[in-house]
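Here is the structure we will look at, set down as structure tokens.
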Amino acid sequence: MTRDTQIFDIIRRERDRQTKGIELIASENFVSDQVLEAMGSVLTNKYAEGYPGKRYYGGCEVVDESERLAIERLKQMYGACWANVQPHSGAQANMAVFMACLQAGDKFLGLNLSHGGHLSHGSPVNFSGLMFKALEYNVKESDGRVDYDQLEQVARAERPKLIIAGASAYSREWDYERIRKVADEIGAIFMVDMAHPAGLIAAGLLKNPVRYAHIVTSTTHKTMRGPRGGVIMMGEDFPNPWGKTTPKGEVKMMSALLDSAVFPGTQGGPLEHVIAAKAVAFGEALSPDFKLYQQQVQKNAAVMAQAFMERGYNIVSGGTDNHCMLVDLRTKFPDLTGKIAEKALVSADITTNKNMVPFDSRSAFQTSGLRFGTPAITTRGLKEDKMPWIVELIDTVLSNPESEENIRSVREAVNKEMVQYPLFAW
Ligand code: DSN
């Protein structure tokens, strides 16, 4: 067969892009060589619809072992009693929870997307907002932190069947106890989507939502540093309270409902090569080195946020407890949009993403904010002493985003420095 030089040239160019730049997208990371190896393995050839020991295809004995290993390692990481490692992504994991817990049209409550929430927590263009009645809570304008009073108020007035905590752009710890209390009061299921801080939680640096929520979902590729994918967990199995009984009148346990909601409810064959790579990443996360890595991620983020504030930038909520931060550009550069800022930084080989800030005066296409995160640069080996330097480079670009000369000199400094942090062994 002729080698597909077109695609492999694209892959080579993407590897070069990742190698020479400073990666600050809060949801990205660099996986280890053994995670990559498992993902690119012969396991991709195997169909395995069903679950270990109960498949719809022959020859699944071997992949049963890696899927069981992934489940056991994940449960160990978070002290969960049950886990499903088949969701292809975080949004798929969330969709399965909706399928298991709600009927079409039911009400649920999640964080407003423009206040840091996620698309699959109720956006009107996503299945969650299209098929179900999405209610929202916000962060407070005064301090950028979740408005728990408002959350409780909406919960009591509207009595949603599901309450979701978790975000895509929120840099603070959550008060899970308080949300669980109001969920119990109104008989709602409490779900936490911990996709962003999952690695910090596994390392014990932030509260573990498995102890407070009925159901926890996550992706595996952000701070957790595994392959792209999703998972679902529970700390305790419980009978489904929404009256979804079998024709024989049996009450189903939530684990059975969730398993059926993943397969056959929303997915077909699981990606066994990705599940094996998840198992590898979970094994890495259980090693002592992983805690040191996560401590560095958190330290780097705190120092970076401080450096931004010292240069006159407004960080939403005034800092960070985790791996990310949201910069509201309006304080320092009232006329600069997130869109223009992102483009200028990318031209200087500093990758970030434009992001709406709470109470934004601009649209999601323009935005007034930028989101930054430290998981990827920390994997790369950068320590806290480099964070003020990165912020200085960003500030140089944003102070004069139209100047090609300015951008070129920053790009040269970035490329020169990053050569010292090798990324790939191949
Ligand atoms: N919205 C993605 C992010 O946080 O970048 C995750 O789906």
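Ordering of the structure tokens sets the chain letters (A, B, ...), residue numbers begin anew at 1 in every chain, and ligands are numbered from 1 in the order given.
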
Please return as a PyMOL selection string: the residues of range 189-340 of chain A that backbone DSSP assigns to alpha helix (DSSP H). chain A and resi 198-202+254-260+272-285+288-310+338-340

Store the residues picked out above in a file with N, CA and C atoms, as a compact mmCIF listing (two decimals), in the first residue's frame.
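Final output, saved to part10.txt:
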# COMPACT_ATOMS: atom_id res chain seq x y z
N ALA A 198 -9.90 17.18 37.07
CA ALA A 198 -9.85 15.76 37.45
C ALA A 198 -8.46 15.30 37.94
N GLY A 199 -7.40 15.79 37.30
CA GLY A 199 -6.05 15.37 37.69
C GLY A 199 -5.68 15.91 39.07
N LEU A 200 -6.04 17.17 39.32
CA LEU A 200 -5.75 17.77 40.63
C LEU A 200 -6.52 17.05 41.73
N ILE A 201 -7.74 16.62 41.39
CA ILE A 201 -8.57 15.89 42.36
C ILE A 201 -7.96 14.52 42.64
N ALA A 202 -7.52 13.84 41.57
CA ALA A 202 -6.90 12.51 41.75
C ALA A 202 -5.66 12.61 42.64
N MET A 254 -28.95 2.46 39.70
CA MET A 254 -28.44 3.52 38.82
C MET A 254 -27.27 3.03 37.95
N SER A 255 -26.41 2.16 38.49
CA SER A 255 -25.28 1.67 37.68
C SER A 255 -25.78 0.95 36.43
N ALA A 256 -26.85 0.17 36.58
CA ALA A 256 -27.39 -0.57 35.42
C ALA A 256 -27.97 0.41 34.41
N LEU A 257 -28.65 1.45 34.92
CA LEU A 257 -29.23 2.45 34.00
C LEU A 257 -28.13 3.20 33.25
N LEU A 258 -27.05 3.53 33.96
CA LEU A 258 -25.95 4.27 33.30
C LEU A 258 -25.24 3.39 32.28
N ASP A 259 -24.98 2.13 32.65
CA ASP A 259 -24.34 1.22 31.68
C ASP A 259 -25.20 1.13 30.41
N SER A 260 -26.53 0.96 30.59
CA SER A 260 -27.40 0.84 29.41
C SER A 260 -27.48 2.15 28.64
N GLU A 272 -11.69 0.24 22.11
CA GLU A 272 -10.87 -0.52 23.07
C GLU A 272 -9.41 -0.06 23.09
N HIS A 273 -8.93 0.50 21.97
CA HIS A 273 -7.55 1.04 21.98
C HIS A 273 -7.48 2.27 22.88
N VAL A 274 -8.53 3.07 22.88
CA VAL A 274 -8.55 4.26 23.74
C VAL A 274 -8.76 3.84 25.20
N ILE A 275 -9.58 2.82 25.41
CA ILE A 275 -9.80 2.33 26.79
C ILE A 275 -8.48 1.79 27.37
N ALA A 276 -7.70 1.10 26.55
CA ALA A 276 -6.38 0.61 27.02
C ALA A 276 -5.48 1.80 27.35
N ALA A 277 -5.55 2.86 26.51
CA ALA A 277 -4.73 4.05 26.78
C ALA A 277 -5.21 4.76 28.05
N LYS A 278 -6.54 4.71 28.28
CA LYS A 278 -7.05 5.27 29.55
C LYS A 278 -6.45 4.49 30.72
N ALA A 279 -6.43 3.16 30.60
CA ALA A 279 -5.86 2.33 31.69
C ALA A 279 -4.40 2.70 31.94
N VAL A 280 -3.65 2.94 30.87
CA VAL A 280 -2.24 3.33 31.03
C VAL A 280 -2.15 4.67 31.78
N ALA A 281 -2.98 5.63 31.35
CA ALA A 281 -2.96 6.95 32.00
C ALA A 281 -3.38 6.85 33.46
N PHE A 282 -4.37 6.01 33.76
CA PHE A 282 -4.80 5.86 35.16
C PHE A 282 -3.66 5.25 35.99
N GLY A 283 -2.94 4.30 35.38
CA GLY A 283 -1.78 3.72 36.07
C GLY A 283 -0.75 4.81 36.38
N GLU A 284 -0.52 5.69 35.42
CA GLU A 284 0.43 6.80 35.64
C GLU A 284 -0.08 7.72 36.76
N ALA A 285 -1.40 7.94 36.75
CA ALA A 285 -1.97 8.85 37.75
C ALA A 285 -1.90 8.28 39.16
N PRO A 288 3.39 8.04 42.44
CA PRO A 288 3.73 9.23 43.25
C PRO A 288 4.13 10.44 42.40
N ASP A 289 4.72 10.20 41.23
CA ASP A 289 5.15 11.31 40.36
C ASP A 289 3.98 12.20 39.94
N PHE A 290 2.82 11.59 39.82
CA PHE A 290 1.66 12.33 39.34
C PHE A 290 1.27 13.43 40.33
N LYS A 291 1.40 13.14 41.62
CA LYS A 291 1.07 14.16 42.62
C LYS A 291 2.04 15.34 42.50
N LEU A 292 3.32 15.04 42.30
CA LEU A 292 4.31 16.12 42.14
C LEU A 292 3.97 16.97 40.91
N TYR A 293 3.57 16.28 39.83
CA TYR A 293 3.20 17.00 38.59
C TYR A 293 2.01 17.93 38.87
N GLN A 294 0.99 17.41 39.53
CA GLN A 294 -0.21 18.23 39.77
C GLN A 294 0.09 19.40 40.71
N GLN A 295 0.97 19.16 41.68
CA GLN A 295 1.35 20.27 42.58
C GLN A 295 2.01 21.38 41.78
N GLN A 296 2.81 20.98 40.79
CA GLN A 296 3.50 21.97 39.95
C GLN A 296 2.50 22.70 39.04
N VAL A 297 1.49 21.96 38.52
CA VAL A 297 0.44 22.58 37.69
C VAL A 297 -0.23 23.70 38.49
N GLN A 298 -0.58 23.37 39.73
CA GLN A 298 -1.29 24.34 40.59
C GLN A 298 -0.38 25.53 40.94
N LYS A 299 0.86 25.23 41.25
CA LYS A 299 1.81 26.30 41.60
C LYS A 299 2.03 27.22 40.39
N ASN A 300 2.23 26.63 39.23
CA ASN A 300 2.44 27.42 38.01
C ASN A 300 1.24 28.34 37.74
N ALA A 301 0.03 27.80 37.94
CA ALA A 301 -1.18 28.60 37.67
C ALA A 301 -1.26 29.77 38.65
N ALA A 302 -0.97 29.51 39.93
CA ALA A 302 -1.05 30.58 40.94
C ALA A 302 -0.05 31.69 40.62
N VAL A 303 1.17 31.30 40.24
CA VAL A 303 2.21 32.30 39.94
C VAL A 303 1.85 33.06 38.65
N MET A 304 1.30 32.35 37.67
CA MET A 304 0.91 33.01 36.42
C MET A 304 -0.21 34.04 36.68
N ALA A 305 -1.20 33.66 37.48
CA ALA A 305 -2.31 34.57 37.77
C ALA A 305 -1.78 35.83 38.48
N GLN A 306 -0.89 35.61 39.43
CA GLN A 306 -0.30 36.74 40.17
C GLN A 306 0.46 37.67 39.21
N ALA A 307 1.22 37.06 38.29
CA ALA A 307 2.01 37.86 37.33
C ALA A 307 1.08 38.69 36.43
N PHE A 308 -0.04 38.11 36.03
CA PHE A 308 -1.01 38.87 35.22
C PHE A 308 -1.53 40.07 36.03
N MET A 309 -1.90 39.81 37.28
CA MET A 309 -2.48 40.89 38.09
C MET A 309 -1.45 42.00 38.34
N GLU A 310 -0.19 41.61 38.52
CA GLU A 310 0.86 42.63 38.72
C GLU A 310 1.05 43.50 37.49
N GLY A 338 -11.12 39.28 22.59
CA GLY A 338 -10.46 37.99 22.77
C GLY A 338 -10.07 37.39 21.43
N LYS A 339 -10.90 37.65 20.42
CA LYS A 339 -10.63 37.10 19.09
C LYS A 339 -9.30 37.61 18.52
N ILE A 340 -9.12 38.92 18.59
CA ILE A 340 -7.88 39.51 18.06
C ILE A 340 -6.69 39.09 18.92

Select the residues contacting ligand 1 at a distance of at most 10 Å, based on only C-alpha atoms and all ligand atoms, then format the selection as a PyMOL selection string. chain A and resi 25-28+89-91+113+116-120+167-170+195-196+219+221-222+352-353+355+371

Would you kindly return, as a list in words, each protein, DNA or RNA residue with an atom no farther than 7 Å from any atom of Asn322 in chain A, considering only C-alpha atoms and excluding same-chain residues fewer than 6 positions away?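 My list of contacting residues is Ser171, Arg172, Pro197 and Gln298 of chain A.
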
Go ahead and save the residues from that selection, with all heavy atoms, as an mmCIF file, in the first residue's frame.
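This went into part-v8.cif:
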data_model
loop_
_atom_site.group_PDB
_atom_site.id
_atom_site.type_symbol
_atom_site.label_atom_id
_atom_site.label_comp_id
_atom_site.auth_asym_id
_atom_site.auth_seq_id
_atom_site.Cartn_x
_atom_site.Cartn_y
_atom_site.Cartn_z
ATOM 1 N N SER A 171 -12.108 28.991 37.929
ATOM 2 C CA SER A 171 -10.816 28.710 38.551
ATOM 3 C C SER A 171 -10.897 28.473 40.065
ATOM 4 O O SER A 171 -9.855 28.427 40.722
ATOM 5 C CB SER A 171 -9.858 29.878 38.267
ATOM 6 O OG SER A 171 -10.391 31.073 38.783
ATOM 7 N N ARG A 172 -12.113 28.279 40.579
ATOM 8 C CA ARG A 172 -12.236 28.149 42.034
ATOM 9 C C ARG A 172 -12.752 26.779 42.464
ATOM 10 O O ARG A 172 -13.428 26.100 41.714
ATOM 11 C CB ARG A 172 -13.169 29.243 42.565
ATOM 12 C CG ARG A 172 -12.610 30.647 42.402
ATOM 13 C CD ARG A 172 -11.270 30.761 43.110
ATOM 14 N NE ARG A 172 -10.742 32.131 43.087
ATOM 15 C CZ ARG A 172 -9.606 32.479 43.681
ATOM 16 N NH1 ARG A 172 -8.865 31.598 44.318
ATOM 17 N NH2 ARG A 172 -9.195 33.724 43.618
ATOM 18 N N PRO A 197 -10.661 19.820 36.445
ATOM 19 C CA PRO A 197 -9.700 19.605 37.537
ATOM 20 C C PRO A 197 -9.465 18.138 37.909
ATOM 21 O O PRO A 197 -8.856 17.855 38.955
ATOM 22 C CB PRO A 197 -10.362 20.351 38.703
ATOM 23 C CG PRO A 197 -11.819 20.223 38.445
ATOM 24 C CD PRO A 197 -12.005 20.172 36.953
ATOM 25 N N GLN A 298 -0.585 23.371 39.725
ATOM 26 C CA GLN A 298 -1.291 24.336 40.591
ATOM 27 C C GLN A 298 -0.382 25.527 40.943
ATOM 28 O O GLN A 298 -0.813 26.682 40.887
ATOM 29 C CB GLN A 298 -1.725 23.601 41.859
ATOM 30 C CG GLN A 298 -2.917 24.178 42.567
ATOM 31 C CD GLN A 298 -3.338 23.293 43.742
ATOM 32 O OE1 GLN A 298 -2.535 22.597 44.345
ATOM 33 N NE2 GLN A 298 -4.629 23.340 44.067
#

Tell me which protein, DNA and RNA residues are within 12 Å of range 360-364 of chain A, counting only C-alpha atoms, leaving out same-chain ones fewer than 4 positions away, and put them as a PDB file with N, CA and C atoms, in the first residue's frame.
ATOM      1  N   LEU A 113     -23.383  28.911  30.484  1.00  0.00           N
ATOM      2  CA  LEU A 113     -22.208  28.742  29.607  1.00  0.00           C
ATOM      3  C   LEU A 113     -21.342  29.999  29.568  1.00  0.00           C
ATOM      4  N   SER A 114     -21.992  31.175  29.519  1.00  0.00           N
ATOM      5  CA  SER A 114     -21.200  32.407  29.427  1.00  0.00           C
ATOM      6  C   SER A 114     -20.610  32.814  30.787  1.00  0.00           C
ATOM      7  N   HIS A 115     -20.904  32.028  31.830  1.00  0.00           N
ATOM      8  CA  HIS A 115     -20.290  32.282  33.139  1.00  0.00           C
ATOM      9  C   HIS A 115     -19.277  31.188  33.473  1.00  0.00           C
ATOM     10  N   GLY A 116     -18.898  30.396  32.454  1.00  0.00           N
ATOM     11  CA  GLY A 116     -17.886  29.354  32.679  1.00  0.00           C
ATOM     12  C   GLY A 116     -18.402  27.936  32.519  1.00  0.00           C
ATOM     13  N   GLU A 141     -21.299  38.913  40.102  1.00  0.00           N
ATOM     14  CA  GLU A 141     -20.533  39.973  39.439  1.00  0.00           C
ATOM     15  C   GLU A 141     -19.480  40.532  40.403  1.00  0.00           C
ATOM     16  N   VAL A 316     -10.639  36.970  36.542  1.00  0.00           N
ATOM     17  CA  VAL A 316     -11.978  36.754  37.102  1.00  0.00           C
ATOM     18  C   VAL A 316     -11.835  35.974  38.412  1.00  0.00           C
ATOM     19  N   VAL A 327      -8.876  35.658  32.003  1.00  0.00           N
ATOM     20  CA  VAL A 327      -8.436  37.055  32.022  1.00  0.00           C
ATOM     21  C   VAL A 327      -9.493  37.908  31.340  1.00  0.00           C
ATOM     22  N   ASP A 328      -9.990  38.906  32.056  1.00  0.00           N
ATOM     23  CA  ASP A 328     -10.911  39.880  31.471  1.00  0.00           C
ATOM     24  C   ASP A 328     -10.057  41.025  30.929  1.00  0.00           C
ATOM     25  N   LEU A 329      -9.969  41.093  29.597  1.00  0.00           N
ATOM     26  CA  LEU A 329      -9.052  42.055  28.961  1.00  0.00           C
ATOM     27  C   LEU A 329      -9.504  43.505  29.106  1.00  0.00           C
ATOM     28  N   ARG A 330     -10.788  43.706  29.452  1.00  0.00           N
ATOM     29  CA  ARG A 330     -11.357  45.063  29.386  1.00  0.00           C
ATOM     30  C   ARG A 330     -10.673  46.051  30.322  1.00  0.00           C
ATOM     31  N   PRO A 334      -9.387  48.017  26.871  1.00  0.00           N
ATOM     32  CA  PRO A 334     -10.847  48.040  26.655  1.00  0.00           C
ATOM     33  C   PRO A 334     -11.251  47.763  25.202  1.00  0.00           C
ATOM     34  N   ASP A 335     -10.381  48.074  24.239  1.00  0.00           N
ATOM     35  CA  ASP A 335     -10.771  47.903  22.836  1.00  0.00           C
ATOM     36  C   ASP A 335     -10.313  46.572  22.233  1.00  0.00           C
ATOM     37  N   LEU A 336      -9.578  45.804  22.986  1.00  0.00           N
ATOM     38  CA  LEU A 336      -9.028  44.549  22.436  1.00  0.00           C
ATOM     39  C   LEU A 336     -10.005  43.393  22.673  1.00  0.00           C
ATOM     40  N   THR A 337     -10.400  42.707  21.610  1.00  0.00           N
ATOM     41  CA  THR A 337     -11.301  41.556  21.785  1.00  0.00           C
ATOM     42  C   THR A 337     -10.470  40.293  22.011  1.00  0.00           C
ATOM     43  N   GLY A 338     -11.115  39.280  22.586  1.00  0.00           N
ATOM     44  CA  GLY A 338     -10.459  37.988  22.774  1.00  0.00           C
ATOM     45  C   GLY A 338     -10.068  37.394  21.430  1.00  0.00           C
ATOM     46  N   LYS A 339     -10.898  37.653  20.423  1.00  0.00           N
ATOM     47  CA  LYS A 339     -10.632  37.096  19.090  1.00  0.00           C
ATOM     48  C   LYS A 339      -9.300  37.610  18.522  1.00  0.00           C
ATOM     49  N   ASN A 353      -7.098  30.311  24.136  1.00  0.00           N
ATOM     50  CA  ASN A 353      -8.379  30.486  23.448  1.00  0.00           C
ATOM     51  C   ASN A 353      -9.162  31.666  24.000  1.00  0.00           C
ATOM     52  N   LYS A 354      -9.827  32.323  23.064  1.00  0.00           N
ATOM     53  CA  LYS A 354     -10.727  33.414  23.472  1.00  0.00           C
ATOM     54  C   LYS A 354     -11.857  32.790  24.275  1.00  0.00           C
ATOM     55  N   ASN A 355     -12.374  33.543  25.233  1.00  0.00           N
ATOM     56  CA  ASN A 355     -13.417  33.001  26.103  1.00  0.00           C
ATOM     57  C   ASN A 355     -14.298  34.134  26.594  1.00  0.00           C
ATOM     58  N   MET A 356     -15.589  33.882  26.657  1.00  0.00           N
ATOM     59  CA  MET A 356     -16.451  34.907  27.247  1.00  0.00           C
ATOM     60  C   MET A 356     -16.119  35.033  28.729  1.00  0.00           C
ATOM     61  N   SER A 368     -14.524  39.120  25.484  1.00  0.00           N
ATOM     62  CA  SER A 368     -13.631  40.085  26.146  1.00  0.00           C
ATOM     63  C   SER A 368     -12.573  39.370  26.960  1.00  0.00           C
ATOM     64  N   GLY A 369     -12.486  38.049  26.798  1.00  0.00           N
ATOM     65  CA  GLY A 369     -11.560  37.328  27.662  1.00  0.00           C
ATOM     66  C   GLY A 369     -10.686  36.328  26.950  1.00  0.00           C
ATOM     67  N   LEU A 370      -9.672  35.892  27.684  1.00  0.00           N
ATOM     68  CA  LEU A 370      -8.794  34.806  27.258  1.00  0.00           C
ATOM     69  C   LEU A 370      -8.709  33.826  28.417  1.00  0.00           C
TER      70      LEU A 370
END

I'd like to know which residues of range 314-344 of chain A are strand (DSSP E or B) (by DSSP, run on the backbone); could you write them as a ChimeraX atom specification? /A:314-315,324-328

Since we have the selection now, will you write its residues out, keeping N, CA, C and O atoms, as a PDB file, in the first residue's frame?
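Written file, part-v8.pdb:
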ATOM      1  N   ASN A 314      -7.115  41.949  34.840  1.00  0.00           N
ATOM      2  CA  ASN A 314      -8.139  41.506  35.785  1.00  0.00           C
ATOM      3  C   ASN A 314      -8.360  40.010  35.591  1.00  0.00           C
ATOM      4  O   ASN A 314      -8.770  39.566  34.528  1.00  0.00           O
ATOM      5  N   ILE A 315      -8.070  39.231  36.643  1.00  0.00           N
ATOM      6  CA  ILE A 315      -8.348  37.788  36.603  1.00  0.00           C
ATOM      7  C   ILE A 315      -9.707  37.596  37.255  1.00  0.00           C
ATOM      8  O   ILE A 315      -9.911  38.028  38.403  1.00  0.00           O
ATOM      9  N   CYS A 324      -6.334  26.712  35.963  1.00  0.00           N
ATOM     10  CA  CYS A 324      -6.706  27.664  34.905  1.00  0.00           C
ATOM     11  C   CYS A 324      -7.088  29.035  35.456  1.00  0.00           C
ATOM     12  O   CYS A 324      -7.262  29.211  36.666  1.00  0.00           O
ATOM     13  N   MET A 325      -7.199  29.971  34.538  1.00  0.00           N
ATOM     14  CA  MET A 325      -7.604  31.339  34.913  1.00  0.00           C
ATOM     15  C   MET A 325      -8.247  31.991  33.705  1.00  0.00           C
ATOM     16  O   MET A 325      -7.944  31.629  32.558  1.00  0.00           O
ATOM     17  N   LEU A 326      -9.136  32.929  34.014  1.00  0.00           N
ATOM     18  CA  LEU A 326      -9.839  33.642  32.959  1.00  0.00           C
ATOM     19  C   LEU A 326      -9.459  35.112  33.082  1.00  0.00           C
ATOM     20  O   LEU A 326      -9.663  35.727  34.129  1.00  0.00           O
ATOM     21  N   VAL A 327      -8.876  35.658  32.003  1.00  0.00           N
ATOM     22  CA  VAL A 327      -8.436  37.055  32.022  1.00  0.00           C
ATOM     23  C   VAL A 327      -9.493  37.908  31.340  1.00  0.00           C
ATOM     24  O   VAL A 327      -9.866  37.654  30.193  1.00  0.00           O
ATOM     25  N   ASP A 328      -9.990  38.906  32.056  1.00  0.00           N
ATOM     26  CA  ASP A 328     -10.911  39.880  31.471  1.00  0.00           C
ATOM     27  C   ASP A 328     -10.057  41.025  30.929  1.00  0.00           C
ATOM     28  O   ASP A 328      -9.480  41.798  31.696  1.00  0.00           O
TER      29      ASP A 328
END

Counting only C-alpha atoms, which residues in range 124-174 of chain A sit no more than 7 Å from range 94-112 of chain A? For each one, give the nearest pair of atoms and the distance in Å, sorted by chain then residue number, as JSON lines.
{"residue": "A:Met131", "atom": "CA", "partner": "A:Ala104", "partner_atom": "CA", "distance": 5.6}
{"residue": "A:Phe132", "atom": "CA", "partner": "A:Gly105", "partner_atom": "CA", "distance": 4.3}
{"residue": "A:Lys133", "atom": "CA", "partner": "A:Lys107", "partner_atom": "CA", "distance": 4.5}
{"residue": "A:Ala134", "atom": "CA", "partner": "A:Phe108", "partner_atom": "CA", "distance": 5.4}
{"residue": "A:Leu135", "atom": "CA", "partner": "A:Leu109", "partner_atom": "CA", "distance": 4.6}
{"residue": "A:Glu136", "atom": "CA", "partner": "A:Gly110", "partner_atom": "CA", "distance": 5.0}
{"residue": "A:Tyr137", "atom": "CA", "partner": "A:Leu111", "partner_atom": "CA", "distance": 5.1}
{"residue": "A:Asn138", "atom": "CA", "partner": "A:Asn112", "partner_atom": "CA", "distance": 5.7}
{"residue": "A:Pro160", "atom": "CA", "partner": "A:Phe108", "partner_atom": "CA", "distance": 4.6}
{"residue": "A:Lys161", "atom": "CA", "partner": "A:Phe108", "partner_atom": "CA", "distance": 5.6}
{"residue": "A:Leu162", "atom": "CA", "partner": "A:Phe108", "partner_atom": "CA", "distance": 4.7}
{"residue": "A:Ile163", "atom": "CA", "partner": "A:Leu109", "partner_atom": "CA", "distance": 4.8}
{"residue": "A:Ile164", "atom": "CA", "partner": "A:Gly110", "partner_atom": "CA", "distance": 4.9}
{"residue": "A:Ala165", "atom": "CA", "partner": "A:Gly110", "partner_atom": "CA", "distance": 6.5}

Check the smallest atom-to-atom distance from each of A:Gln76, A:Thr2, A:Thr19, A:Gln86 to Ala261 in chain A using only C-alpha atoms, then report the winner.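 Nearest to Ala261 in chain A: A:Gln86.
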
Check the smallest atom-to-atom distance from each of A:Phe238, A:Lys252, A:Phe424, A:Gly53 to Arg12 in chain A using only C-alpha atoms, then report the winner. A:Phe424

Between CA of Ala155 in chain A and CA of His323 in chain A, measure the distance and give it in Å to one decimal.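 These atoms are spaced 29.2 Å apart.
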
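Among the candidates A:Met233, A:Ile11, A:Cys60, A:Ala183, the residue lying nearest to Glu72 in chain A is A:Met233 (atoms considered: only C-alpha atoms).
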
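If you count only C-alpha atoms and ignore residues fewer than 5 places along the chain from Ile394 in chain A, what sits within 10 Å of it is Phe308, Ala341, Ala344, Leu345, Ala348, Ile350, Pro388, Trp389, Ser399, Pro401, Ile407 and Val410 of chain A.
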
Counting only C-alpha atoms, figure out which residue out of A:Asp237, A:Asp321, A:Ala425, A:Gln6 gets nearest to Leu206 in chain A.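 So, comparing all the options, the nearest one is A:Asp321.
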
Quick one: residues within 10 Å of Val182 in chain A, only C-alpha atoms, excluding same-chain residues fewer than 2 positions away - as a CSV table (one decimal) with N, CA, C and O atoms, in the first residue's frame?
chain,number,residue,atom,x,y,z
A,151,LEU,N,-28.4,29.7,43.1
A,151,LEU,CA,-28.5,28.2,42.7
A,151,LEU,C,-29.6,27.6,43.6
A,151,LEU,O,-30.5,26.9,43.1
A,152,GLU,N,-29.6,27.9,44.9
A,152,GLU,CA,-30.6,27.3,45.8
A,152,GLU,C,-32.0,27.9,45.5
A,152,GLU,O,-32.9,27.1,45.5
A,153,GLN,N,-32.0,29.2,45.2
A,153,GLN,CA,-33.3,29.8,44.9
A,153,GLN,C,-33.9,29.2,43.7
A,153,GLN,O,-35.1,28.8,43.7
A,155,ALA,N,-33.3,26.2,42.4
A,155,ALA,CA,-33.5,24.8,42.7
A,155,ALA,C,-34.9,24.7,43.4
A,155,ALA,O,-35.7,23.8,43.1
A,156,ARG,N,-35.0,25.5,44.5
A,156,ARG,CA,-36.3,25.4,45.3
A,156,ARG,C,-37.5,25.8,44.5
A,156,ARG,O,-38.6,25.2,44.6
A,159,ARG,N,-37.5,23.1,41.1
A,159,ARG,CA,-37.4,21.7,41.4
A,159,ARG,C,-36.9,20.9,40.2
A,159,ARG,O,-37.6,19.9,39.8
A,163,ILE,N,-29.1,18.4,39.2
A,163,ILE,CA,-28.3,19.6,39.3
A,163,ILE,C,-26.9,19.3,38.9
A,163,ILE,O,-26.4,18.2,39.4
A,177,GLU,N,-20.8,20.3,49.1
A,177,GLU,CA,-21.7,19.9,50.2
A,177,GLU,C,-23.0,20.7,50.1
A,177,GLU,O,-24.1,20.2,50.3
A,178,ARG,N,-22.8,22.0,49.8
A,178,ARG,CA,-24.0,22.9,49.8
A,178,ARG,C,-24.9,22.5,48.7
A,178,ARG,O,-26.2,22.5,48.8
A,179,ILE,N,-24.4,22.1,47.5
A,179,ILE,CA,-25.2,21.7,46.4
A,179,ILE,C,-25.9,20.4,46.7
A,179,ILE,O,-27.1,20.2,46.4
A,180,ARG,N,-25.2,19.5,47.3
A,180,ARG,CA,-25.8,18.2,47.6
A,180,ARG,C,-27.0,18.4,48.6
A,180,ARG,O,-28.0,17.7,48.5
A,184,ASP,N,-30.7,17.1,47.9
A,184,ASP,CA,-31.4,16.2,48.7
A,184,ASP,C,-32.8,16.8,49.1
A,184,ASP,O,-33.8,16.1,49.2
A,185,GLU,N,-32.7,18.1,49.4
A,185,GLU,CA,-34.0,18.8,49.9
A,185,GLU,C,-35.1,18.7,48.8
A,185,GLU,O,-36.3,18.5,49.2
A,186,ILE,N,-34.7,18.8,47.6
A,186,ILE,CA,-35.8,18.8,46.5
A,186,ILE,C,-35.9,17.4,45.8
A,186,ILE,O,-36.6,17.3,44.8
A,187,GLY,N,-35.1,16.5,46.2
A,187,GLY,CA,-35.1,15.1,45.6
A,187,GLY,C,-34.5,15.1,44.2
A,187,GLY,O,-34.9,14.3,43.4
A,188,ALA,N,-33.4,15.9,44.0
A,188,ALA,CA,-32.8,15.9,42.7
A,188,ALA,C,-31.5,15.1,42.7
A,188,ALA,O,-30.9,14.8,43.8
A,190,PHE,N,-27.6,14.8,42.0
A,190,PHE,CA,-26.5,15.8,41.9
A,190,PHE,C,-25.4,15.1,41.1
A,190,PHE,O,-24.8,14.1,41.5
